[in-house]
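Everything below belongs to model.csv, which stores CSV, C-alpha atoms and all ligand atoms.
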```csv
chain,number,residue,atom,x,y,z
A,1,MET,CA,-24.3,31.0,25.7
A,2,THR,CA,-27.0,30.0,23.3
A,3,GLN,CA,-30.3,29.4,25.2
A,4,PHE,CA,-32.6,26.7,23.7
A,5,THR,CA,-36.3,27.1,24.1
A,6,PRO,CA,-37.6,24.7,25.0
A,7,PRO,CA,-34.5,23.1,26.5
A,8,PRO,CA,-33.7,19.6,25.3
A,9,ALA,CA,-35.2,16.8,27.5
A,10,PRO,CA,-32.6,15.5,30.0
A,11,SER,CA,-33.2,12.0,28.6
A,12,GLU,CA,-32.2,13.2,25.1
A,13,VAL,CA,-29.1,14.9,26.4
A,14,GLU,CA,-28.1,11.8,28.4
A,15,ALA,CA,-28.7,9.5,25.4
A,16,PHE,CA,-26.5,11.7,23.2
A,17,ILE,CA,-23.7,12.0,25.7
A,18,GLY,CA,-23.8,8.2,26.0
A,19,ARG,CA,-23.4,8.0,22.3
A,20,VAL,CA,-20.4,10.4,22.2
A,21,VAL,CA,-18.8,8.6,25.1
A,22,THR,CA,-19.2,5.3,23.2
A,23,ASP,CA,-17.6,6.9,20.2
A,24,LEU,CA,-14.8,8.4,22.2
A,25,GLY,CA,-14.1,5.0,23.7
A,26,ALA,CA,-13.9,3.5,20.2
A,27,ALA,CA,-11.7,6.3,19.0
A,28,PHE,CA,-9.3,6.0,21.9
A,29,SER,CA,-9.3,2.2,21.6
A,30,GLY,CA,-8.6,1.9,17.9
A,31,VAL,CA,-4.9,2.5,18.5
A,32,LEU,CA,-4.9,-0.3,21.0
A,33,VAL,CA,-6.2,-2.7,18.3
A,34,ASN,CA,-3.1,-1.7,16.3
A,35,VAL,CA,-0.9,-2.2,19.4
A,36,GLY,CA,-2.4,-5.7,19.9
A,37,ARG,CA,-2.0,-6.6,16.3
A,38,LYS,CA,1.6,-5.3,16.0
A,39,LEU,CA,2.7,-7.1,19.2
A,40,GLY,CA,1.0,-10.4,18.2
A,41,LEU,CA,-1.3,-10.3,21.3
A,42,TYR,CA,-4.5,-11.4,19.4
A,43,GLN,CA,-2.6,-14.2,17.7
A,44,ALA,CA,-1.1,-15.3,21.0
A,45,MET,CA,-4.5,-15.3,22.7
A,46,ALA,CA,-6.0,-17.4,19.8
A,47,ASP,CA,-3.2,-19.9,20.4
A,48,LEU,CA,-3.4,-20.0,24.2
A,49,GLY,CA,-7.1,-20.1,24.8
A,50,ALA,CA,-8.4,-18.7,28.1
A,51,CYS,CA,-5.3,-17.3,29.9
A,52,THR,CA,-4.3,-15.0,32.7
A,53,SER,CA,-2.5,-11.7,32.0
A,54,THR,CA,0.6,-13.4,33.4
A,55,ALA,CA,0.4,-16.3,30.9
A,56,LEU,CA,-0.1,-13.9,28.0
A,57,ALA,CA,2.8,-11.8,29.2
A,58,GLU,CA,5.0,-14.9,29.4
A,59,ALA,CA,3.9,-16.0,25.9
A,60,THR,CA,4.6,-12.7,24.3
A,61,GLY,CA,7.5,-11.3,26.3
A,62,ILE,CA,5.6,-8.1,27.1
A,63,ARG,CA,5.6,-6.6,30.6
A,64,GLU,CA,2.6,-8.0,32.5
A,65,ARG,CA,1.5,-4.5,33.7
A,66,TYR,CA,1.0,-3.3,30.1
A,67,ILE,CA,-0.7,-6.6,29.1
A,68,ARG,CA,-3.2,-6.2,32.0
A,69,GLU,CA,-4.2,-2.7,31.1
A,70,TRP,CA,-4.6,-3.6,27.4
A,71,LEU,CA,-6.7,-6.6,28.3
A,72,ALA,CA,-9.0,-4.5,30.5
A,73,ASN,CA,-9.5,-2.1,27.6
A,74,GLN,CA,-10.2,-5.0,25.2
A,75,ALA,CA,-12.6,-6.6,27.7
A,76,ALA,CA,-14.5,-3.4,28.2
A,77,GLY,CA,-15.1,-3.1,24.4
A,78,GLY,CA,-16.2,-6.8,24.0
A,79,TYR,CA,-13.1,-7.6,22.0
A,80,VAL,CA,-12.0,-10.2,24.6
A,81,ALA,CA,-14.1,-12.1,27.1
A,82,TYR,CA,-13.2,-11.9,30.8
A,83,ASP,CA,-14.0,-14.6,33.4
A,84,PRO,CA,-14.0,-12.8,36.8
A,85,ALA,CA,-14.1,-16.0,38.8
A,86,LYS,CA,-10.9,-17.3,37.2
A,87,GLN,CA,-9.5,-14.0,36.3
A,88,THR,CA,-8.8,-15.2,32.8
A,89,TYR,CA,-9.2,-13.6,29.4
A,90,ALA,CA,-10.2,-15.3,26.1
A,91,LEU,CA,-10.5,-14.4,22.5
A,92,PRO,CA,-13.8,-15.9,21.4
A,93,PRO,CA,-13.8,-17.6,17.9
A,94,ALA,CA,-15.7,-14.7,16.2
A,95,GLN,CA,-13.2,-12.1,17.6
A,96,ALA,CA,-10.3,-14.3,16.6
A,97,MET,CA,-11.5,-14.4,13.0
A,98,VAL,CA,-11.9,-10.7,12.9
A,99,LEU,CA,-8.8,-9.7,14.9
A,100,ALA,CA,-6.2,-12.5,14.8
A,101,LEU,CA,-6.5,-14.7,11.7
A,102,GLU,CA,-5.3,-12.7,8.7
A,103,GLN,CA,-6.4,-15.3,6.2
A,104,SER,CA,-10.0,-15.4,7.6
A,105,SER,CA,-12.8,-14.1,5.4
A,106,ILE,CA,-13.8,-11.5,8.0
A,107,PHE,CA,-10.3,-10.2,9.1
A,108,MET,CA,-10.6,-6.5,9.9
A,109,ALA,CA,-8.0,-5.6,12.4
A,110,SER,CA,-5.7,-3.7,10.1
A,111,ALA,CA,-8.5,-1.4,8.9
A,112,PHE,CA,-7.5,0.7,11.9
A,113,GLU,CA,-4.4,1.7,9.9
A,114,VAL,CA,-6.8,3.8,7.8
A,115,ALA,CA,-8.1,5.5,10.9
A,116,ALA,CA,-4.5,6.3,11.9
A,117,SER,CA,-3.8,7.9,8.5
A,118,PHE,CA,-6.9,10.0,8.8
A,119,TRP,CA,-5.7,11.6,12.0
A,120,LEU,CA,-2.3,12.1,10.6
A,121,ASP,CA,-3.8,13.9,7.6
A,122,GLU,CA,-6.2,16.1,9.5
A,123,ASP,CA,-4.3,19.3,8.9
A,124,GLN,CA,-4.2,18.8,5.1
A,125,ILE,CA,-7.9,18.0,5.1
A,126,VAL,CA,-8.8,21.1,7.2
A,127,ALA,CA,-6.8,23.1,4.7
A,128,ALA,CA,-8.6,21.4,1.7
A,129,PHE,CA,-12.0,22.0,3.2
A,130,ARG,CA,-11.1,25.7,3.7
A,131,SER,CA,-9.7,26.2,0.2
A,132,GLY,CA,-12.0,23.9,-1.7
A,133,GLU,CA,-8.9,22.4,-3.4
A,134,GLY,CA,-8.5,18.7,-3.7
A,135,LEU,CA,-6.0,16.4,-2.0
A,136,GLY,CA,-4.6,13.5,-4.1
A,137,TRP,CA,-4.4,10.0,-2.9
A,138,HIS,CA,-0.6,10.0,-3.1
A,139,ALA,CA,-0.4,13.0,-0.7
A,140,HIS,CA,-1.8,11.0,2.2
A,141,ASN,CA,0.2,9.3,4.9
A,142,HIS,CA,1.4,5.9,3.7
A,143,ARG,CA,-0.7,4.1,6.4
A,144,LEU,CA,-3.7,4.8,4.2
A,145,PHE,CA,-2.3,2.7,1.4
A,146,CYS,CA,-1.6,-0.4,3.6
A,147,GLY,CA,-4.8,-0.1,5.6
A,148,THR,CA,-6.9,0.2,2.4
A,149,GLU,CA,-5.1,-2.8,0.9
A,150,SER,CA,-5.8,-4.9,4.0
A,151,PHE,CA,-9.4,-3.8,4.4
A,152,PHE,CA,-10.4,-4.6,0.8
A,153,ARG,CA,-8.1,-7.7,0.4
A,154,THR,CA,-10.2,-9.6,3.0
A,155,GLY,CA,-13.3,-9.3,0.8
A,156,TYR,CA,-11.4,-10.0,-2.4
A,157,ARG,CA,-9.9,-13.2,-0.9
A,158,ALA,CA,-13.3,-14.3,0.3
A,159,CYS,CA,-15.4,-13.5,-2.8
A,160,LEU,CA,-13.6,-12.2,-5.9
A,161,VAL,CA,-12.7,-15.6,-7.5
A,162,ASN,CA,-15.4,-17.7,-5.9
A,163,GLU,CA,-18.5,-15.4,-6.1
A,164,TRP,CA,-18.0,-12.1,-7.9
A,165,LEU,CA,-16.4,-13.3,-11.2
A,166,PRO,CA,-18.8,-16.3,-11.5
A,167,ALA,CA,-21.7,-13.8,-11.1
A,168,LEU,CA,-20.6,-12.1,-14.4
A,169,ASP,CA,-22.0,-13.4,-17.6
A,170,GLY,CA,-19.5,-15.9,-19.2
A,171,VAL,CA,-16.4,-14.3,-17.7
A,172,VAL,CA,-15.0,-17.3,-15.7
A,173,GLU,CA,-15.1,-19.5,-18.8
A,174,ARG,CA,-13.1,-16.9,-20.7
A,175,LEU,CA,-10.6,-16.4,-17.9
A,176,LYS,CA,-10.0,-20.2,-17.8
A,177,ARG,CA,-9.4,-20.3,-21.5
A,178,GLY,CA,-7.1,-17.3,-21.5
A,179,ALA,CA,-8.3,-13.7,-21.4
A,180,ARG,CA,-6.9,-10.2,-21.3
A,181,VAL,CA,-7.7,-8.3,-18.1
A,182,ALA,CA,-7.0,-4.8,-16.9
A,183,ASP,CA,-7.4,-3.9,-13.2
A,184,VAL,CA,-7.7,-0.1,-12.9
A,185,GLY,CA,-7.0,2.0,-9.7
A,186,ARG,CA,-5.1,-1.0,-8.5
A,187,GLY,CA,-3.5,0.2,-5.3
A,188,HIS,CA,-1.2,-2.5,-3.9
A,189,GLY,CA,-2.4,-5.1,-6.4
A,190,ALA,CA,-4.3,-7.5,-4.1
A,191,SER,CA,-7.2,-8.3,-6.6
A,192,THR,CA,-4.8,-8.5,-9.6
A,193,ILE,CA,-2.6,-11.0,-7.9
A,194,LEU,CA,-5.6,-13.1,-6.7
A,195,MET,CA,-7.0,-13.3,-10.3
A,196,ALA,CA,-3.5,-14.0,-11.8
A,197,GLN,CA,-3.1,-16.9,-9.4
A,198,ALA,CA,-6.5,-18.3,-10.1
A,199,PHE,CA,-6.4,-18.0,-13.9
A,200,PRO,CA,-2.8,-18.8,-15.1
A,201,LYS,CA,-3.8,-18.8,-18.8
A,202,SER,CA,-5.0,-15.2,-18.7
A,203,SER,CA,-2.8,-12.1,-18.6
A,204,PHE,CA,-3.4,-9.2,-16.1
A,205,ILE,CA,-2.3,-5.6,-16.1
A,206,GLY,CA,-2.8,-3.5,-13.0
A,207,LEU,CA,-2.9,0.3,-13.4
A,208,ASP,CA,-2.7,3.1,-10.8
A,209,TYR,CA,-1.7,6.7,-11.1
A,210,HIS,CA,0.3,6.5,-7.8
A,211,ASP,CA,3.8,5.3,-8.4
A,212,GLY,CA,4.4,4.3,-4.8
A,213,SER,CA,1.4,2.0,-4.9
A,214,ILE,CA,2.5,0.4,-8.1
A,215,ALA,CA,6.0,-0.2,-6.7
A,216,THR,CA,4.4,-2.0,-3.7
A,217,ALA,CA,2.1,-4.0,-6.1
A,218,ARG,CA,5.1,-5.2,-8.0
A,219,ALA,CA,6.9,-6.2,-4.8
A,220,ARG,CA,3.8,-8.0,-3.5
A,221,ALA,CA,3.5,-10.0,-6.8
A,222,ALA,CA,7.2,-11.0,-6.6
A,223,GLU,CA,6.9,-12.0,-3.0
A,224,GLN,CA,4.1,-14.3,-3.9
A,225,GLY,CA,5.8,-15.7,-6.9
A,226,VAL,CA,3.2,-14.3,-9.3
A,227,THR,CA,5.2,-12.9,-12.2
A,228,GLY,CA,4.5,-14.7,-15.4
A,229,ASN,CA,1.1,-13.4,-16.3
A,230,ILE,CA,1.0,-10.1,-14.4
A,231,ALA,CA,2.3,-6.5,-15.0
A,232,PHE,CA,1.8,-3.2,-13.2
A,233,GLU,CA,2.0,0.2,-14.8
A,234,VAL,CA,1.9,3.7,-13.4
A,235,LYS,CA,-1.0,5.2,-15.4
A,236,SER,CA,-4.1,7.3,-14.8
A,237,ALA,CA,-7.4,5.7,-15.5
A,238,THR,CA,-8.2,8.1,-18.3
A,239,GLU,CA,-4.8,7.3,-20.0
A,240,PHE,CA,-5.8,3.7,-20.2
A,241,ASP,CA,-4.5,2.3,-23.5
A,242,GLY,CA,-4.3,-1.1,-25.2
A,243,GLU,CA,-7.2,-2.9,-26.8
A,244,ASP,CA,-9.0,-6.2,-27.0
A,245,PHE,CA,-9.6,-6.6,-23.3
A,246,ASP,CA,-12.1,-9.2,-22.2
A,247,LEU,CA,-12.5,-7.7,-18.8
A,248,VAL,CA,-11.7,-4.4,-17.1
A,249,CYS,CA,-12.0,-4.2,-13.4
A,250,PHE,CA,-12.6,-1.0,-11.3
A,251,MET,CA,-12.4,-2.2,-7.7
A,252,ASP,CA,-13.3,0.3,-5.0
A,253,CYS,CA,-11.8,3.1,-7.1
A,254,LEU,CA,-14.3,4.5,-9.7
A,255,HIS,CA,-15.8,7.0,-7.2
A,256,ASP,CA,-12.2,8.1,-6.3
A,257,LEU,CA,-11.5,9.3,-9.9
A,258,GLY,CA,-11.8,12.9,-11.0
A,259,ASP,CA,-13.4,11.8,-14.3
A,260,PRO,CA,-15.2,8.5,-13.9
A,261,VAL,CA,-17.2,9.0,-17.0
A,262,GLY,CA,-14.0,9.7,-19.1
A,263,ALA,CA,-12.3,6.7,-17.5
A,264,LEU,CA,-15.2,4.3,-18.3
A,265,ALA,CA,-15.6,5.8,-21.8
A,266,ARG,CA,-11.8,5.2,-22.4
A,267,CYS,CA,-12.1,1.6,-21.1
A,268,ARG,CA,-15.2,0.9,-23.3
A,269,LYS,CA,-13.0,1.6,-26.3
A,270,ALA,CA,-10.4,-0.8,-25.0
A,271,LEU,CA,-12.9,-3.7,-24.5
A,272,LYS,CA,-13.7,-6.4,-27.0
A,273,PRO,CA,-17.3,-5.9,-28.3
A,274,ASP,CA,-18.4,-8.7,-26.0
A,275,GLY,CA,-16.1,-7.7,-23.1
A,276,LYS,CA,-17.3,-6.8,-19.6
A,277,VAL,CA,-16.5,-4.3,-16.9
A,278,LEU,CA,-16.5,-5.5,-13.3
A,279,LEU,CA,-17.3,-2.5,-11.1
A,280,VAL,CA,-16.9,-3.0,-7.4
A,281,GLU,CA,-18.1,-0.1,-5.3
A,282,PRO,CA,-18.8,0.5,-1.6
A,283,TYR,CA,-22.3,-0.8,-0.7
A,284,ALA,CA,-24.8,2.1,-0.7
A,285,GLY,CA,-28.4,2.8,-1.2
A,286,ASP,CA,-29.5,5.6,-3.7
A,287,ARG,CA,-30.7,8.0,-1.1
A,288,LEU,CA,-28.8,9.6,1.8
A,289,GLU,CA,-31.4,8.4,4.3
A,290,GLU,CA,-30.7,4.7,3.2
A,291,ASN,CA,-27.0,5.1,4.2
A,292,LEU,CA,-27.4,6.6,7.7
A,293,ASN,CA,-26.1,3.5,9.4
A,294,PRO,CA,-22.7,2.2,10.6
A,295,ILE,CA,-21.5,1.1,7.2
A,296,GLY,CA,-22.6,4.4,5.6
A,297,ARG,CA,-21.0,6.3,8.5
A,298,MET,CA,-17.7,4.5,7.9
A,299,TYR,CA,-17.8,5.1,4.2
A,300,TYR,CA,-18.9,8.8,4.4
A,301,ALA,CA,-15.8,9.3,6.7
A,302,ALA,CA,-13.5,7.7,4.1
A,303,SER,CA,-15.2,9.7,1.4
A,304,ALA,CA,-14.7,13.0,3.1
A,305,MET,CA,-11.1,12.2,4.1
A,306,ALA,CA,-9.8,10.5,1.0
A,307,CYS,CA,-12.1,9.7,-1.9
A,308,THR,CA,-13.8,13.0,-2.5
A,309,PRO,CA,-10.6,15.1,-2.0
A,310,ASN,CA,-8.8,12.8,-4.5
A,311,SER,CA,-11.6,13.2,-7.1
A,312,LEU,CA,-11.6,17.0,-6.6
A,313,SER,CA,-7.8,17.1,-7.1
A,314,GLN,CA,-8.1,15.7,-10.6
A,315,GLU,CA,-9.4,17.0,-14.0
A,316,VAL,CA,-13.2,17.3,-14.1
A,317,GLY,CA,-13.4,16.7,-10.3
A,318,LEU,CA,-16.8,15.0,-10.4
A,319,GLY,CA,-16.7,14.1,-6.7
A,320,LEU,CA,-19.0,11.1,-6.9
A,321,GLY,CA,-18.3,10.2,-3.2
A,322,ALA,CA,-18.0,6.7,-1.7
A,323,GLN,CA,-21.8,6.3,-1.3
A,324,ALA,CA,-22.9,7.1,-4.8
A,325,GLY,CA,-25.4,4.2,-5.0
A,326,GLU,CA,-26.4,2.1,-8.0
A,327,GLU,CA,-28.6,4.7,-9.8
A,328,ARG,CA,-25.9,7.3,-9.8
A,329,LEU,CA,-23.4,4.8,-11.0
A,330,ARG,CA,-25.8,3.7,-13.8
A,331,LYS,CA,-26.0,7.3,-14.9
A,332,VAL,CA,-22.2,7.5,-15.1
A,333,ALA,CA,-22.0,4.2,-17.0
A,334,ARG,CA,-24.7,5.4,-19.5
A,335,GLU,CA,-22.9,8.7,-20.0
A,336,ALA,CA,-19.8,6.7,-20.8
A,337,GLY,CA,-21.7,4.8,-23.5
A,338,PHE,CA,-22.4,1.5,-21.7
A,339,SER,CA,-25.7,-0.1,-22.6
A,340,SER,CA,-26.4,-1.7,-19.3
A,341,LEU,CA,-25.4,-1.9,-15.7
A,342,ARG,CA,-26.5,-4.9,-13.7
A,343,ARG,CA,-26.2,-5.7,-10.0
A,344,ALA,CA,-24.4,-9.1,-10.1
A,345,VAL,CA,-24.1,-9.7,-6.4
A,346,GLN,CA,-23.6,-7.7,-3.2
A,347,THR,CA,-22.1,-8.0,0.3
A,348,PRO,CA,-22.6,-5.8,3.3
A,349,ILE,CA,-19.5,-3.9,2.2
A,350,ASN,CA,-19.7,-3.9,-1.6
A,351,LEU,CA,-22.0,-3.6,-4.6
A,352,ILE,CA,-20.7,-5.8,-7.5
A,353,LEU,CA,-21.9,-4.5,-10.8
A,354,GLU,CA,-21.5,-5.8,-14.4
A,355,LEU,CA,-21.3,-3.2,-17.2
A,356,THR,CA,-22.0,-4.3,-20.8
A,357,PRO,CA,-20.7,-2.1,-23.7
A,401,LIG,C1,-9.7,3.4,-2.4
A,401,LIG,S1,-8.2,3.0,-3.3
A,401,LIG,C2,-8.5,1.4,-3.8
A,401,LIG,C3,-7.3,0.6,-4.2
A,401,LIG,C4,-7.5,-0.7,-4.7
A,401,LIG,N1,-8.4,-0.8,-5.9
A,401,LIG,C5,-8.0,-1.7,-3.6
A,401,LIG,O1,-9.1,-2.1,-3.7
A,401,LIG,O2,-7.2,-2.0,-2.7
A,401,LIG,C6,-8.3,4.0,-4.7
A,401,LIG,C7,-7.1,3.8,-5.7
A,401,LIG,O3,-7.4,4.6,-6.9
A,401,LIG,C8,-6.2,5.2,-7.3
A,401,LIG,N2,-6.5,6.3,-8.1
A,401,LIG,C9,-6.9,7.5,-7.8
A,401,LIG,N3,-7.1,8.3,-8.9
A,401,LIG,C10,-6.7,7.6,-9.9
A,401,LIG,C11,-6.6,7.8,-11.3
A,401,LIG,N4,-7.0,9.0,-11.9
A,401,LIG,N5,-6.2,6.9,-12.1
A,401,LIG,C12,-5.8,5.7,-11.6
A,401,LIG,N6,-5.8,5.4,-10.3
A,401,LIG,C13,-6.3,6.3,-9.5
A,401,LIG,C14,-5.5,5.5,-6.0
A,401,LIG,O4,-4.1,5.7,-6.2
A,401,LIG,C15,-5.8,4.3,-5.1
A,401,LIG,O5,-4.9,3.3,-5.3
```

Could you quickly redo this structure as structure tokens?
Ligand SMILES: C[S@@+](CC[C@H](N)C(=O)[O-])C[C@H]1O[C@@H](n2cnc3c(N)ncnc32)[C@H](O)[C@@H]1O
Amino acid sequence: MTQFTPPPAPSEVEAFIGRVVTDLGAAFSGVLVNVGRKLGLYQAMADLGACTSTALAEATGIRERYIREWLANQAAGGYVAYDPAKQTYALPPAQAMVLALEQSSIFMASAFEVAASFWLDEDQIVAAFRSGEGLGWHAHNHRLFCGTESFFRTGYRACLVNEWLPALDGVVERLKRGARVADVGRGHGASTILMAQAFPKSSFIGLDYHDGSIATARARAAEQGVTGNIAFEVKSATEFDGEDFDLVCFMDCLHDLGDPVGALARCRKALKPDGKVLLVEPYAGDRLEENLNPIGRMYYAASAMACTPNSLSQEVGLGLGAQAGEERLRKVAREAGFSSLRRAVQTPINLILELTP
């Protein structure tokens, strides 16, 4: 066995083991968030208020012994509060907003679907690391698509129409009058549908190279009765056609593309001379050391598992990564012929950038 000289201090070893145990606890427990969400346990707790395991079992029809074990795990992680004197469990309001209320501006429970897909895709990723080949978005387990949709939809619902679009120069006025908008790398269509609902006089086209995602986007729009001013097409970002667009959106997808410069250059040609690009990218600083924090950790994981392999699977294979940062994105925009890139607004999760031709 390797001997370290000098050996690490026992306190350092203990601290790091503590950290790994914490991570193991989180990794083991992520699936129980899914279990709670799928069985409606968080929702039932939000409705019931403080309750015993028996009351929660009665309200949900789940066997009490299972409920008690699930509650103990949730209490150990701080996801529910436990009152030892009364032996009751409660879902505090902050936890309810994150875990139970799908329409809340901070709902995150279904993001664990993404974690599930990463485990299911482990063998493919090990093979891709070994060979250096890419792995397209379409080749992942379908849970990635729904988990990503839900993870980003929360932010789009909270901010896209109320904060992000108004932070762009003159865009909301044009959307109210009637504008042509393309939404590239659209996934399941969440942002396209929200914009089409908010601006009925404008027309929206959502593009994605993944036919399965486009089929779901069409179904989502139909379910929500948004059909008059919206269309979805299976198309790669670099095959973008049409002209006279007032706005082209790239939401949480530019860094996934093999050829982000080519895609932006193509879209610049499709824009009106005074059109804009809305570029929403994962929040990141310009230097690696600025991103060594919990948000950066989450995004680097997504980048290694999905974004970078997708980029490497396509022509050019630039592999920007999900933590490119504003300066790197500015360079990409400049290479594509855009005259400026401005940070319009930011959230802890996203950078919202405006590109001008
Ligand atoms: C991280 S997901 C984001 C999905 C969606 N924008 C959202 O916010 O929910 C990246 C999306 O980019 C799409 N994509 C990847 N490469 C593409 C390409 N070359 N052209 C168009 N879409 C692409 C994927 O199919 C996937 O839907």

Practice task
Rounded to one decimal place, report the atom CA of Lys272 of chain A-atom CA of Arg180 of chain A distance in Å.
Solution key: 9.7 Å

Please tabulate, as a Markdown table, the residues of chain A that come within 7 Å of ligand LIG 401 (chain A), each with its closest pair of atoms and the distance in Å to one decimal, counting all atoms listed in the file and ordering rows by chain, then residue number upward.
```
| residue | atom | partner | partner_atom | distance |
| --- | --- | --- | --- | --- |
| A:Trp137 | CA | A:LIG401 | O4 | 5.4 |
| A:His138 | CA | A:LIG401 | O4 | 6.4 |
| A:Thr148 | CA | A:LIG401 | O2 | 5.6 |
| A:Glu149 | CA | A:LIG401 | O2 | 4.2 |
| A:Phe152 | CA | A:LIG401 | O1 | 5.3 |
| A:Arg153 | CA | A:LIG401 | O2 | 6.6 |
| A:Val184 | CA | A:LIG401 | C12 | 6.2 |
| A:Gly185 | CA | A:LIG401 | N6 | 3.7 |
| A:Arg186 | CA | A:LIG401 | N1 | 4.2 |
| A:Gly187 | CA | A:LIG401 | O5 | 3.4 |
| A:His188 | CA | A:LIG401 | O2 | 6.1 |
| A:Gly189 | CA | A:LIG401 | O2 | 6.8 |
| A:Ala190 | CA | A:LIG401 | O2 | 6.4 |
| A:Leu207 | CA | A:LIG401 | C12 | 6.4 |
| A:Asp208 | CA | A:LIG401 | N6 | 3.9 |
| A:Tyr209 | CA | A:LIG401 | C12 | 4.2 |
| A:His210 | CA | A:LIG401 | O4 | 4.7 |
| A:Ser213 | CA | A:LIG401 | O5 | 6.4 |
| A:Lys235 | CA | A:LIG401 | C12 | 6.1 |
| A:Ser236 | CA | A:LIG401 | N5 | 3.4 |
| A:Ala237 | CA | A:LIG401 | N5 | 3.8 |
| A:Thr238 | CA | A:LIG401 | N4 | 6.6 |
| A:Phe250 | CA | A:LIG401 | N1 | 6.8 |
| A:Met251 | CA | A:LIG401 | N1 | 4.6 |
| A:Asp252 | CA | A:LIG401 | O1 | 5.0 |
| A:Cys253 | CA | A:LIG401 | C6 | 4.3 |
| A:Asp256 | CA | A:LIG401 | C9 | 5.5 |
| A:Leu257 | CA | A:LIG401 | N3 | 4.6 |
| A:Gly258 | CA | A:LIG401 | N4 | 6.2 |
| A:Cys307 | CA | A:LIG401 | C1 | 6.8 |
| A:Asn310 | CA | A:LIG401 | N3 | 6.5 |
| A:Ser311 | CA | A:LIG401 | N3 | 6.9 |
| A:Gln314 | CA | A:LIG401 | N4 | 6.9 |
```

Kindly export the residues of the current selection with C-alpha atoms, as a short mmCIF file (atom, residue, chain, number, x, y, z; two decimals), in the frame of the given file.
```cif
data_model
loop_
_atom_site.label_atom_id
_atom_site.label_comp_id
_atom_site.auth_asym_id
_atom_site.auth_seq_id
_atom_site.Cartn_x
_atom_site.Cartn_y
_atom_site.Cartn_z
CA TRP A 137 -4.40 10.00 -2.90
CA HIS A 138 -0.60 10.00 -3.10
CA THR A 148 -6.90 0.20 2.40
CA GLU A 149 -5.10 -2.80 0.90
CA PHE A 152 -10.40 -4.60 0.80
CA ARG A 153 -8.10 -7.70 0.40
CA VAL A 184 -7.70 -0.10 -12.90
CA GLY A 185 -7.00 2.00 -9.70
CA ARG A 186 -5.10 -1.00 -8.50
CA GLY A 187 -3.50 0.20 -5.30
CA HIS A 188 -1.20 -2.50 -3.90
CA GLY A 189 -2.40 -5.10 -6.40
CA ALA A 190 -4.30 -7.50 -4.10
CA LEU A 207 -2.90 0.30 -13.40
CA ASP A 208 -2.70 3.10 -10.80
CA TYR A 209 -1.70 6.70 -11.10
CA HIS A 210 0.30 6.50 -7.80
CA SER A 213 1.40 2.00 -4.90
CA LYS A 235 -1.00 5.20 -15.40
CA SER A 236 -4.10 7.30 -14.80
CA ALA A 237 -7.40 5.70 -15.50
CA THR A 238 -8.20 8.10 -18.30
CA PHE A 250 -12.60 -1.00 -11.30
CA MET A 251 -12.40 -2.20 -7.70
CA ASP A 252 -13.30 0.30 -5.00
CA CYS A 253 -11.80 3.10 -7.10
CA ASP A 256 -12.20 8.10 -6.30
CA LEU A 257 -11.50 9.30 -9.90
CA GLY A 258 -11.80 12.90 -11.00
CA CYS A 307 -12.10 9.70 -1.90
CA ASN A 310 -8.80 12.80 -4.50
CA SER A 311 -11.60 13.20 -7.10
CA GLN A 314 -8.10 15.70 -10.60
#
```

Exercise for the section: Could you give me, as number ranges by chain, the residues within 7 Å of Val80 of chain A, counting all atoms listed in the file and dropping anything in the same chain fewer than 5 positions from it? Expected result: A: 74-75, 89-92

For the selection just defined, write its residues with C-alpha atoms to a file, as a PDB file, in the frame of the given file.
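result_11.pdb, written as the output of this step:
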```
ATOM      1  CA  GLN A  74     -10.200  -5.000  25.200  1.00  0.00           C
ATOM      2  CA  ALA A  75     -12.600  -6.600  27.700  1.00  0.00           C
ATOM      3  CA  TYR A  89      -9.200 -13.600  29.400  1.00  0.00           C
ATOM      4  CA  ALA A  90     -10.200 -15.300  26.100  1.00  0.00           C
ATOM      5  CA  LEU A  91     -10.500 -14.400  22.500  1.00  0.00           C
ATOM      6  CA  PRO A  92     -13.800 -15.900  21.400  1.00  0.00           C
TER       7      PRO A  92
END
```

Practice task
Could you give me, as a ChimeraX atom specification, the residues within 9 Å of segment 159-172 of chain A, counting all atoms listed in the file and dropping anything in the same chain fewer than 6 positions from it?
Solution key: /A:105,179,191,194-195,198-199,246-247,275-276,278,344-346,352-354

Practice task
Could you give me, as a PyMOL selection string, the residues within 10 Å of Leu329 of chain A, counting all atoms listed in the file and dropping anything in the same chain fewer than 2 positions from it?
Solution key: chain A and resi 254-255+260-261+279+281+286+320+323-327+331-335+341+353

Practice task
Have a look at A:Pro294, A:Gly319, A:Pro282, A:Gly77 and name the one nearest to Gly155 of chain A; count only C-alpha atoms.
Solution key: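 Selected residue with least distance to Gly155 of chain A: A:Pro282.
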
Handout entry: Proximity to Ala284 of chain A - best of A:Val98, A:Leu56, A:Leu351, A:Ala221, all atoms listed in the file
Key =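 With all atoms listed in the file as the atom set, the closest residue is A:Leu351.
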
Exercise for the section: Go through A:Ala94, A:Ala265, A:Ala217, A:Ala27 one by one, measure the shortest atom-to-atom distance of each to Ile230 of chain A using only C-alpha atoms, and give the residue with the smallest value. Expected result: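 Checking each of A:Ala94, A:Ala265, A:Ala217, A:Ala27 against Ile230 of chain A, counting only C-alpha atoms, the winner is A:Ala217.
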
Exercise for the section: Between A:Gly30, A:Pro8, A:Gly78, A:Gly242, single out the one closest to Lys269 of chain A, counting all atoms listed in the file. Expected result: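 Using all atoms listed in the file, Lys269 of chain A sits closest to A:Gly242.
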
Exercise for the section: Might you pull out every residue within 12 Å of segment 63-69 of chain A, with only C-alpha atoms counted and same-chain residues fewer than 2 positions away left off, and present them as a ChimeraX atom specification? Expected result: /A:29,32,35-36,39-42,44-45,51-61,71-76,82,87-89
